[in-house]
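Pasted below: target-v8.cif, mmCIF, C-alpha atoms and all ligand atoms.
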data_coords
loop_
_atom_site.label_atom_id
_atom_site.label_comp_id
_atom_site.auth_asym_id
_atom_site.auth_seq_id
_atom_site.Cartn_x
_atom_site.Cartn_y
_atom_site.Cartn_z
CA MET A 862 -12.99 7.56 2.49
CA ASP A 863 -15.58 10.09 1.53
CA PRO A 864 -15.50 10.21 -2.29
CA ARG A 865 -16.24 13.95 -2.06
CA SER A 866 -12.73 14.48 -0.76
CA LEU A 867 -11.16 12.76 -3.79
CA ILE A 868 -10.16 14.81 -6.81
CA SER A 869 -11.64 13.12 -9.86
CA HIS A 870 -9.88 14.78 -12.78
CA THR A 871 -6.30 15.23 -13.91
CA GLN A 872 -4.58 17.36 -16.49
CA THR A 873 -1.76 14.93 -17.17
CA LEU A 874 -2.10 12.94 -20.37
CA LEU A 875 -2.66 9.29 -19.47
CA ARG A 876 -0.48 7.52 -22.02
CA THR A 877 -1.67 4.17 -23.30
CA GLU A 878 1.32 3.09 -25.38
CA PRO A 879 3.61 0.56 -23.67
CA PHE A 880 5.78 2.06 -20.93
CA SER A 881 8.67 -0.03 -22.27
CA ASP A 882 8.57 1.92 -25.57
CA HIS A 883 9.97 4.91 -23.69
CA TYR A 884 11.74 3.59 -20.60
CA ARG A 885 14.21 0.92 -19.65
CA LEU A 886 13.44 -0.51 -16.23
CA GLY A 887 16.30 -0.84 -13.78
CA VAL A 888 16.73 -4.06 -11.89
CA LYS A 889 16.64 -2.25 -8.59
CA GLU A 890 13.35 -2.04 -6.76
CA LEU A 891 13.18 1.23 -4.84
CA GLY A 892 10.27 0.34 -2.66
CA ARG A 893 7.16 -1.73 -2.34
CA GLY A 894 3.83 -1.18 -0.60
CA LYS A 895 0.60 -3.13 -0.44
CA PHE A 896 -0.56 -2.17 -3.91
CA ALA A 897 2.46 -0.53 -5.50
CA VAL A 898 5.99 -1.28 -6.59
CA VAL A 899 8.45 1.54 -7.26
CA ARG A 900 11.36 0.91 -9.62
CA ARG A 901 14.14 2.96 -11.03
CA CYS A 902 13.98 3.52 -14.78
CA VAL A 903 15.79 5.39 -17.52
CA GLU A 904 14.00 7.44 -20.18
CA LEU A 905 15.32 6.18 -23.52
CA ILE A 906 15.25 9.50 -25.35
CA THR A 907 17.01 11.57 -22.65
CA GLY A 908 18.93 8.95 -20.67
CA LYS A 909 17.51 10.55 -17.50
CA GLU A 910 16.71 8.49 -14.42
CA TYR A 911 13.20 8.40 -12.96
CA ALA A 912 11.27 6.45 -10.37
CA ALA A 913 8.24 4.58 -11.74
CA LYS A 914 5.45 3.71 -9.32
CA PHE A 915 3.35 0.82 -10.63
CA LEU A 916 -0.10 0.89 -9.03
CA ARG A 917 -2.64 -1.89 -9.38
CA LYS A 918 -6.08 -0.58 -10.31
CA ARG A 919 -7.93 -3.45 -8.65
CA ARG A 920 -7.35 -3.99 -4.97
CA LYS A 921 -9.14 -6.59 -2.89
CA GLY A 922 -11.57 -7.03 -5.78
CA GLU A 923 -12.43 -3.33 -5.92
CA ASP A 924 -11.74 -0.79 -8.64
CA CYS A 925 -9.40 1.80 -7.11
CA ARG A 926 -8.71 3.89 -10.19
CA THR A 927 -10.30 6.97 -8.57
CA ASP A 928 -7.80 6.78 -5.70
CA ILE A 929 -4.92 6.74 -8.18
CA VAL A 930 -6.41 9.64 -10.14
CA ASN A 931 -6.61 11.55 -6.85
CA GLU A 932 -2.93 10.79 -6.17
CA ILE A 933 -2.02 12.09 -9.64
CA ALA A 934 -4.15 15.22 -9.24
CA ILE A 935 -2.48 16.10 -5.94
CA LEU A 936 0.98 15.67 -7.46
CA GLU A 937 -0.11 17.99 -10.28
CA MET A 938 -1.37 20.55 -7.79
CA ALA A 939 1.92 20.45 -5.90
CA HIS A 940 3.99 20.82 -9.06
CA PHE A 941 5.37 24.19 -8.01
CA SER A 942 6.53 23.10 -4.59
CA PRO A 943 10.22 22.20 -4.75
CA TYR A 944 9.79 19.87 -1.79
CA VAL A 945 7.11 17.65 -3.30
CA VAL A 946 8.32 15.01 -5.76
CA ASP A 947 7.84 16.01 -9.37
CA LEU A 948 5.49 14.00 -11.58
CA HIS A 949 6.91 13.53 -15.07
CA GLU A 950 4.43 11.29 -16.92
CA VAL A 951 1.64 8.76 -16.39
CA TYR A 952 0.96 5.51 -18.26
CA GLU A 953 -2.20 3.42 -18.03
CA THR A 954 -2.84 -0.19 -18.95
CA SER A 955 -5.93 -2.30 -18.33
CA SER A 956 -4.61 -3.44 -14.97
CA GLU A 957 -2.31 -0.71 -13.70
CA MET A 958 -1.20 2.89 -13.75
CA VAL A 959 2.45 3.94 -13.82
CA LEU A 960 3.45 7.23 -12.24
CA VAL A 961 6.83 8.32 -13.60
CA MET A 962 8.38 10.61 -11.02
CA GLU A 963 11.58 12.47 -10.35
CA TYR A 964 14.10 10.02 -8.90
CA ALA A 965 15.06 10.88 -5.32
CA ALA A 966 18.49 9.25 -5.25
CA GLY A 967 19.10 9.75 -1.51
CA GLY A 968 16.32 7.35 -0.51
CA GLU A 969 14.13 7.49 2.57
CA ILE A 970 15.10 9.61 5.58
CA PHE A 971 14.13 6.46 7.43
CA ASN A 972 17.58 5.08 6.68
CA GLN A 973 19.32 7.90 8.54
CA CYS A 974 16.83 7.63 11.39
CA VAL A 975 17.92 4.04 12.00
CA ALA A 976 21.61 4.59 11.17
CA ASP A 977 24.41 4.33 13.69
CA GLN A 978 25.38 7.48 15.54
CA ASP A 979 28.07 8.58 13.09
CA GLU A 980 25.73 8.40 10.11
CA ALA A 981 22.62 9.72 11.84
CA PHE A 982 21.37 13.27 11.29
CA THR A 983 22.90 16.05 13.34
CA GLU A 984 20.52 18.57 14.90
CA LYS A 985 21.66 21.06 12.28
CA ASP A 986 20.65 18.63 9.52
CA VAL A 987 17.28 18.08 11.16
CA ILE A 988 16.63 21.82 11.37
CA ARG A 989 17.27 22.24 7.65
CA LEU A 990 15.26 19.18 6.64
CA ILE A 991 12.28 19.91 8.91
CA ASP A 992 12.21 23.45 7.53
CA GLN A 993 11.92 21.99 4.00
CA ILE A 994 9.29 19.45 5.06
CA LEU A 995 7.28 22.30 6.60
CA GLN A 996 7.54 24.39 3.45
CA GLY A 997 6.23 21.42 1.45
CA ILE A 998 3.39 20.89 3.93
CA LEU A 999 2.54 24.58 4.02
CA TYR A 1000 2.16 24.48 0.24
CA LEU A 1001 -0.20 21.50 0.49
CA HIS A 1002 -2.25 22.99 3.31
CA ARG A 1003 -2.59 26.33 1.55
CA ASN A 1004 -4.01 24.37 -1.36
CA ASN A 1005 -6.44 22.56 0.95
CA VAL A 1006 -4.71 19.21 0.78
CA VAL A 1007 -3.74 17.00 3.72
CA HIS A 1008 -1.10 14.32 3.21
CA LEU A 1009 -2.20 12.01 6.05
CA ASP A 1010 0.75 9.62 5.72
CA LEU A 1011 3.82 11.65 6.66
CA LYS A 1012 6.36 9.17 7.96
CA PRO A 1013 10.09 8.55 7.46
CA GLN A 1014 9.44 6.15 4.56
CA ASN A 1015 7.53 8.82 2.64
CA ILE A 1016 10.12 11.58 3.04
CA LEU A 1017 12.97 11.12 0.58
CA LEU A 1018 16.26 12.87 -0.10
CA THR A 1019 17.63 14.05 -3.43
CA SER A 1020 21.03 12.78 -2.33
CA CYS A 1021 22.48 11.10 0.68
CA ASN A 1022 26.13 12.08 0.79
CA PRO A 1023 26.33 15.06 0.80
CA LEU A 1024 22.93 15.34 2.40
CA GLY A 1025 20.53 16.73 -0.20
CA ASP A 1026 17.05 18.19 -0.09
CA ILE A 1027 13.67 16.81 0.88
CA ARG A 1028 11.09 15.33 -1.48
CA ILE A 1029 7.72 14.41 -0.02
CA VAL A 1030 6.20 11.35 -1.74
CA ASP A 1031 3.22 8.98 -1.51
CA PHE A 1032 -0.03 10.88 -1.81
CA GLY A 1033 -1.99 7.63 -1.76
CA LEU A 1034 -3.91 8.63 1.36
CA SER A 1035 -4.01 12.37 0.73
CA ARG A 1036 -7.30 14.17 0.59
CA GLN A 1037 -8.65 17.52 -0.36
CA VAL A 1038 -10.12 19.22 2.67
CA ASP A 1039 -13.37 21.04 2.67
CA ARG A 1040 -13.03 24.58 3.87
CA ILE A 1041 -16.70 25.22 4.39
CA LYS A 1042 -18.34 22.10 5.69
CA GLU A 1043 -17.51 20.04 8.71
CA VAL A 1044 -18.69 16.68 7.56
CA ARG A 1045 -19.57 14.72 10.65
CA GLU A 1046 -18.83 11.22 9.53
CA ILE A 1047 -16.36 8.64 10.68
CA LEU A 1048 -12.96 7.69 9.39
CA GLY A 1049 -12.98 4.02 8.47
CA THR A 1050 -10.36 1.36 7.78
CA PRO A 1051 -7.52 2.99 9.66
CA GLU A 1052 -5.41 -0.17 9.33
CA TYR A 1053 -2.78 1.54 7.26
CA VAL A 1054 -3.45 5.22 7.89
CA GLY A 1055 -0.08 6.50 8.97
CA ALA A 1056 1.16 3.26 10.47
CA TRP A 1057 4.91 3.32 10.93
CA LYS A 1058 5.89 -0.21 10.20
CA HIS A 1059 9.59 -0.37 10.80
CA LYS A 1060 11.76 -0.57 13.83
CA LEU A 1061 13.99 2.35 14.64
CA LYS A 1062 17.33 1.80 16.21
CA ALA A 1063 19.43 4.86 16.80
CA GLY A 1064 19.67 8.56 16.28
CA VAL A 1065 21.59 11.64 17.23
CA SER A 1066 22.02 11.02 20.88
CA CYS A 1067 20.28 8.11 22.32
CA ASP A 1068 22.05 4.99 23.47
CA ARG A 1069 19.45 4.20 26.08
CA ARG A 1070 16.61 4.61 23.62
CA ARG A 1071 18.42 2.50 21.11
CA LYS A 1072 18.45 -0.32 23.62
CA HIS A 1073 14.78 0.14 24.32
CA CYS A 1074 14.11 0.14 20.62
CA VAL A 1075 16.10 -2.90 19.74
CA GLN A 1076 14.40 -4.82 22.51
CA SER A 1077 10.93 -3.92 21.42
CA GLY A 1078 9.10 -6.52 19.38
CA SER A 1079 7.79 -6.20 15.87
CA LYS A 1080 4.10 -6.77 16.47
CA ASN A 1081 3.54 -3.48 18.26
CA ARG A 1082 4.69 -1.15 15.53
CA GLN A 1083 1.43 -0.56 13.82
CA GLY A 1084 -0.25 2.69 14.63
CA ARG A 1085 2.60 4.44 16.34
CA GLY A 1086 2.58 7.25 13.79
CA LYS A 1087 -1.16 7.80 14.09
CA SER A 1088 -2.53 10.88 15.71
CA PRO A 1089 -5.05 10.72 18.58
CA GLU A 1090 -7.86 11.88 16.27
CA VAL A 1091 -7.12 9.10 13.76
CA LEU A 1092 -7.20 6.51 16.54
CA ASN A 1093 -10.42 7.96 17.96
CA TYR A 1094 -12.23 8.34 14.62
CA GLU A 1095 -12.41 12.09 15.13
CA PRO A 1096 -12.19 14.83 12.47
CA ILE A 1097 -9.09 14.84 10.32
CA SER A 1098 -7.62 18.22 9.46
CA THR A 1099 -4.40 19.90 8.47
CA ALA A 1100 -3.49 19.58 12.15
CA THR A 1101 -3.29 15.81 11.67
CA ASP A 1102 -0.25 16.34 9.43
CA MET A 1103 1.23 18.64 12.07
CA TRP A 1104 1.10 15.84 14.63
CA SER A 1105 3.11 13.75 12.16
CA VAL A 1106 5.69 16.53 11.88
CA GLY A 1107 6.08 16.37 15.67
CA VAL A 1108 6.61 12.61 15.53
CA LEU A 1109 9.01 12.96 12.56
CA THR A 1110 11.09 15.57 14.37
CA TYR A 1111 11.28 13.41 17.48
CA VAL A 1112 12.40 10.40 15.44
CA MET A 1113 14.93 12.30 13.36
CA LEU A 1114 16.55 13.78 16.46
CA THR A 1115 16.47 10.80 18.79
CA GLY A 1116 16.18 7.78 16.50
CA GLU A 1117 13.26 6.65 18.57
CA SER A 1118 9.55 6.50 17.91
CA PRO A 1119 7.98 8.54 20.73
CA PHE A 1120 4.90 6.42 21.37
CA LEU A 1121 6.25 2.95 20.85
CA GLY A 1122 5.12 0.60 23.60
CA ASP A 1123 5.75 -3.08 24.19
CA THR A 1124 2.34 -3.97 22.83
CA LYS A 1125 0.01 -2.43 20.29
CA GLN A 1126 -2.39 -1.52 23.11
CA GLU A 1127 0.38 0.22 25.00
CA THR A 1128 1.34 2.19 21.89
CA PHE A 1129 -2.27 3.28 21.38
CA LEU A 1130 -2.53 4.27 25.04
CA ASN A 1131 0.70 6.24 24.82
CA ILE A 1132 -0.73 8.14 21.85
CA SER A 1133 -4.11 8.86 23.37
CA GLN A 1134 -2.52 10.01 26.64
CA VAL A 1135 0.26 11.81 24.74
CA ASN A 1136 2.73 10.02 26.89
CA VAL A 1137 6.06 11.32 25.58
CA ASP A 1138 9.50 11.04 27.13
CA TYR A 1139 11.18 14.45 26.95
CA SER A 1140 13.83 13.58 29.52
CA GLN A 1141 17.43 14.78 29.37
CA GLU A 1142 18.44 11.19 28.85
CA VAL A 1143 16.60 10.98 25.55
CA PHE A 1144 17.44 14.49 24.45
CA ALA A 1145 21.06 14.61 25.59
CA GLY A 1146 22.98 17.06 23.43
CA ILE A 1147 19.81 18.34 21.77
CA SER A 1148 18.67 21.94 22.28
CA GLU A 1149 15.76 22.98 24.47
CA GLN A 1150 14.31 24.80 21.50
CA ALA A 1151 14.03 21.50 19.64
CA VAL A 1152 12.07 20.00 22.53
CA ASP A 1153 9.87 23.09 22.67
CA PHE A 1154 9.21 22.74 18.92
CA ILE A 1155 8.11 19.11 19.31
CA LYS A 1156 5.95 20.01 22.32
CA SER A 1157 4.09 22.60 20.23
CA LEU A 1158 3.02 19.78 17.88
CA LEU A 1159 2.44 16.71 20.04
CA LEU A 1160 -0.71 18.15 21.60
CA LYS A 1161 -3.84 16.06 21.83
CA ASN A 1162 -6.18 18.86 20.84
CA PRO A 1163 -5.63 19.45 17.09
CA ARG A 1164 -6.69 23.10 17.47
CA GLU A 1165 -3.87 23.77 19.92
CA ARG A 1166 -1.16 22.35 17.64
CA ALA A 1167 1.12 24.79 15.85
CA ARG A 1168 0.31 25.20 12.17
CA ALA A 1169 2.89 24.96 9.41
CA GLU A 1170 3.38 28.71 9.09
CA GLN A 1171 3.74 29.07 12.86
CA CYS A 1172 6.30 26.26 12.95
CA LEU A 1173 8.33 27.97 10.25
CA LYS A 1174 8.62 30.97 12.58
CA HIS A 1175 9.71 28.91 15.59
CA PRO A 1176 13.05 30.08 17.03
CA TRP A 1177 14.45 26.54 16.69
CA LEU A 1178 14.25 26.76 12.90
CA SER A 1179 15.74 30.24 12.74
CA SER A 1180 18.50 29.32 15.19
CA LEU A 1181 20.72 28.36 12.26
CA THR A 1182 20.24 31.57 10.33
CA GLU A 1183 19.88 34.22 13.04
CA PRO A 1184 23.21 36.02 12.54
CA GLU A 1185 22.32 36.81 8.92
CA PRO A 1186 20.00 39.84 9.03
CA LEU A 1187 19.30 39.80 5.30
CA LYS A 1188 18.04 36.24 5.43
CA ASP A 1189 15.96 36.98 8.53
CA ASP A 1190 14.40 39.89 6.77
CA LYS A 1191 13.50 37.71 3.83
CA ALA A 1192 12.18 34.97 6.09
CA LEU A 1193 10.04 37.52 7.93
CA LYS A 1194 8.52 38.81 4.70
CA LYS A 1195 7.96 35.26 3.51
CA ASN A 1196 6.28 34.29 6.76
CA GLU A 1197 4.05 37.36 6.72
CA GLY A 1198 2.97 36.34 3.24
CA ASP A 1199 2.37 32.78 4.35
CA LEU A 1200 0.22 33.93 7.24
CA LYS A 1201 -1.98 36.06 5.07
CA ALA A 1202 -2.42 33.30 2.54
CA SER A 1203 -3.27 30.63 5.03
CA ASP A 1204 -5.44 32.31 7.63
CA ASN A 1205 -8.22 29.87 6.94
CA THR A 1206 -6.30 26.63 7.34
CA GLU A 1207 -7.23 26.12 10.98
CA GLU A 1208 -10.86 25.74 10.05
CA ILE A 1209 -10.17 23.14 7.40
CA VAL A 1210 -11.69 19.89 8.53
CA LEU A 1211 -12.15 16.66 6.70
CA LEU A 1212 -14.07 13.71 7.97
CA ALA A 1213 -14.10 10.67 5.85
CA SER A 1214 -16.12 7.50 5.92
P1 LIG B 1301 3.38 3.11 -1.17
O1 LIG B 1301 2.06 3.78 -1.40
O2 LIG B 1301 3.38 1.69 -1.62
O3 LIG B 1301 3.93 3.30 0.22
P2 LIG B 1301 5.36 5.04 -2.06
O4 LIG B 1301 4.97 6.10 -3.03
O5 LIG B 1301 5.53 5.44 -0.64
O6 LIG B 1301 4.36 3.83 -2.21
O7 LIG B 1301 6.70 4.36 -2.55
C1 LIG B 1301 7.23 3.24 -1.86
C2 LIG B 1301 8.70 3.47 -1.61
O8 LIG B 1301 9.38 3.58 -2.88
C3 LIG B 1301 9.06 4.74 -0.86
O9 LIG B 1301 8.96 4.55 0.53
C4 LIG B 1301 10.49 4.97 -1.33
O10 LIG B 1301 11.39 4.14 -0.63
C5 LIG B 1301 10.45 4.50 -2.79
N1 LIG B 1301 10.17 5.65 -3.67
C6 LIG B 1301 8.97 6.18 -3.95
N2 LIG B 1301 9.05 7.22 -4.78
C7 LIG B 1301 10.37 7.37 -5.06
C8 LIG B 1301 11.14 8.32 -5.83
N3 LIG B 1301 10.52 9.29 -6.51
N4 LIG B 1301 12.49 8.20 -5.84
C9 LIG B 1301 13.08 7.20 -5.15
N5 LIG B 1301 12.43 6.30 -4.39
C10 LIG B 1301 11.09 6.37 -4.34
MG MG B 1302 4.71 4.99 1.17
#

Kindly present the structure from the file in structure tokens form.
Ligand code: ADP
Ligand code: MG
Amino acid sequence: MDPRSLISHTQTLLRTEPFSDHYRLGVKELGRGKFAVVRRCVELITGKEYAAKFLRKRRKGEDCRTDIVNEIAILEMAHFSPYVVDLHEVYETSSEMVLVMEYAAGGEIFNQCVADQDEAFTEKDVIRLIDQILQGILYLHRNNVVHLDLKPQNILLTSCNPLGDIRIVDFGLSRQVDRIKEVREILGTPEYVGAWKHKLKAGVSCDRRRKHCVQSGSKNRQGRGKSPEVLNYEPISTATDMWSVGVLTYVMLTGESPFLGDTKQETFLNISQVNVDYSQEVFAGISEQAVDFIKSLLLKNPRERARAEQCLKHPWLSSLTEPEPLKDDKALKKNEGDLKASDNTEEIVLLAS
């Protein structure tokens, strides 16, 4: 990645005393990635629960502290968005950094995406959650940050039953975008940029898709969440996140990954040809407005994709609230404000090496 797109300073105090002086670690591991383990912990002085992300500073023999500092800086920047996970404290040792974050007790939305029909999201749930995801993304984009890894494993819930609110996590791949320059370089090492690793089984409506999904092998999963520009080493922009919102919406409604093929090559071809199944069979019981919403995002040309503030005005999202004029009025004012504040986001382009 282009180091110019990394933020190199943080305001958070990097504590050097032992983490265990202040927290008791839970046995439960909340998640694990290539270079990080996330565990539940309890702050000794308050008894409050948090999630601690332990990040190794050296990866594949290279010092990656600057990447972690960037992740911290972006969490700081997003502090005032209710839909981005809150950063509480940071600890640093010689080998690792520990990000102590708000604990999102509902876990990944991934779990509901693969749940059986009776536990899967309803369309009404999806409308509310996508609205929150979009508000979080709008906040990031207005602050010239792209997430670049929006997938069901990185979207958490504050609670599961009853269904709580969204918390966006994992800013490990996020970058600051340059509003002025279009840096014409190439995005490298895409091996884990937005790869959706897990198999999806079922969703709101889709028995046939479930079958297709269960049958599909495990080796072809990588890359199915990538946008065409990521696959083709083309410029990355805020629109790249919007593609991911399209894929997320599809998955949350149908339980199926829209581009999944039988082989990795087939998946990549499906993405580059934007080969999406919008048939009645897949979308049985789901509104036409939902399909229209997804279609406004799964467009090959990033410039044609709807932006976050446009999505928030889509009739599908207001279909839940329409009868309440007061709310509509508020939403209208809010959206007008959003538009003014984010007129420049379309031009934001980041190319990384
Ligand atoms: P990685 O960069 O390794 O993917 P993430 O930040 O995505 O790390 O965390 C890995 C997993 O840990 C997430 O997918 C989620 O399941 C869990 N997790 C992360 N942050 C939290 C949190 N604040 N509350 C609860 N679970 C979390
Ligand atoms: Mg993650």

Pick from A:His1175, A:Arg919, A:Lys914, A:Arg876, whichever lies nearest to ligand MG 1302 (chain B) using all atoms listed in the file: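 Looking only at the distances to ligand MG 1302 (chain B), the closest residue turns out to be A:Lys914.
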
Which residue of A:Thr927, A:Ser1098, A:Ser1088, A:Gln978 approaches A:Ser1133 most closely, using all atoms listed in the file: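 Looking at the shortest contact to A:Ser1133, the residue is A:Ser1088.
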
Selection within 6 Å of ligand LIG 1301 (chain B) by all atoms listed in the file, output as a count of residues only: 21

Residues within 9 Å of (-1.6, 3.2, 19.0), counting all atoms listed in the file, listed as a count of residues only: 23

Atom CA of A:Leu1160 to atom CA of A:Val945, straight-line distance in Å: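 Atom-to-atom, atom CA of A:Val945 to atom CA of A:Leu1160, that is 26.1 Å.
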
From A:Asp1102, A:Asp882, A:Glu950, A:Glu1165, residue lying nearest A:Asp1010 [all atoms listed in the file]: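 For A:Asp1010, the nearest of the candidates is A:Asp1102.
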
Using all atoms listed in the file, give me every residue within 10 Å of (-2.1, 1.1, -9.9) in file coordinates, as an mmCIF file with C-alpha atoms, in the frame of the given file.
data_model
loop_
_atom_site.group_PDB
_atom_site.id
_atom_site.type_symbol
_atom_site.label_atom_id
_atom_site.label_comp_id
_atom_site.auth_asym_id
_atom_site.auth_seq_id
_atom_site.Cartn_x
_atom_site.Cartn_y
_atom_site.Cartn_z
ATOM 1 C CA PHE A 896 -0.560 -2.170 -3.910
ATOM 2 C CA ALA A 897 2.460 -0.530 -5.500
ATOM 3 C CA VAL A 898 5.990 -1.280 -6.590
ATOM 4 C CA LYS A 914 5.450 3.710 -9.320
ATOM 5 C CA PHE A 915 3.350 0.820 -10.630
ATOM 6 C CA LEU A 916 -0.100 0.890 -9.030
ATOM 7 C CA ARG A 917 -2.640 -1.890 -9.380
ATOM 8 C CA LYS A 918 -6.080 -0.580 -10.310
ATOM 9 C CA ARG A 919 -7.930 -3.450 -8.650
ATOM 10 C CA ARG A 920 -7.350 -3.990 -4.970
ATOM 11 C CA ASP A 924 -11.740 -0.790 -8.640
ATOM 12 C CA CYS A 925 -9.400 1.800 -7.110
ATOM 13 C CA ARG A 926 -8.710 3.890 -10.190
ATOM 14 C CA ASP A 928 -7.800 6.780 -5.700
ATOM 15 C CA ILE A 929 -4.920 6.740 -8.180
ATOM 16 C CA VAL A 930 -6.410 9.640 -10.140
ATOM 17 C CA TYR A 952 0.960 5.510 -18.260
ATOM 18 C CA GLU A 953 -2.200 3.420 -18.030
ATOM 19 C CA THR A 954 -2.840 -0.190 -18.950
ATOM 20 C CA SER A 955 -5.930 -2.300 -18.330
ATOM 21 C CA SER A 956 -4.610 -3.440 -14.970
ATOM 22 C CA GLU A 957 -2.310 -0.710 -13.700
ATOM 23 C CA MET A 958 -1.200 2.890 -13.750
ATOM 24 C CA VAL A 959 2.450 3.940 -13.820
ATOM 25 C CA LEU A 960 3.450 7.230 -12.240
#

With 4 Å added on each side, what axis-aligned box encloses every listed atom of stretch 920-931 of chain A? Give the centre and edge lengths in Å to one decimal, as JSON.
{"center_x": -8.7, "center_y": 2.3, "center_z": -6.5, "size_x": 15.5, "size_y": 26.6, "size_z": 15.3}

Atomic distance atom CA of A:Leu1017 - atom CA of A:Trp1104, expressed in Å with one decimal: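 Answer for the atom CA of A:Leu1017 to atom CA of A:Trp1104 separation: 19.0 Å.
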
Separation of atom CA of A:Glu984 from atom CA of A:Pro1119, in Å and rounded to one decimal: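 Going from atom CA of A:Glu984 over to atom CA of A:Pro1119, I get 17.1 Å.
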
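Considering the residues A:Leu1011, A:Ala1151, A:Ile906, A:Cys1021 and counting only C-alpha atoms, A:Glu980 has its shortest atom-to-atom contact with A:Cys1021.
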
Best match for closeness to A:Met1113 among A:Arg989, A:Lys1161, A:Arg1003, A:His1008, counting all atoms listed in the file: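 Answer, going by the shortest atom-to-atom distance: A:Arg989.
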
Residue nearest ligand MG 1302 (chain B) among A:Val1152, A:Leu1159, A:Val1091, A:Leu1034 (counting all atoms listed in the file):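 Comparing A:Val1152, A:Leu1159, A:Val1091, A:Leu1034 against ligand MG 1302 (chain B), the winner is A:Leu1034.
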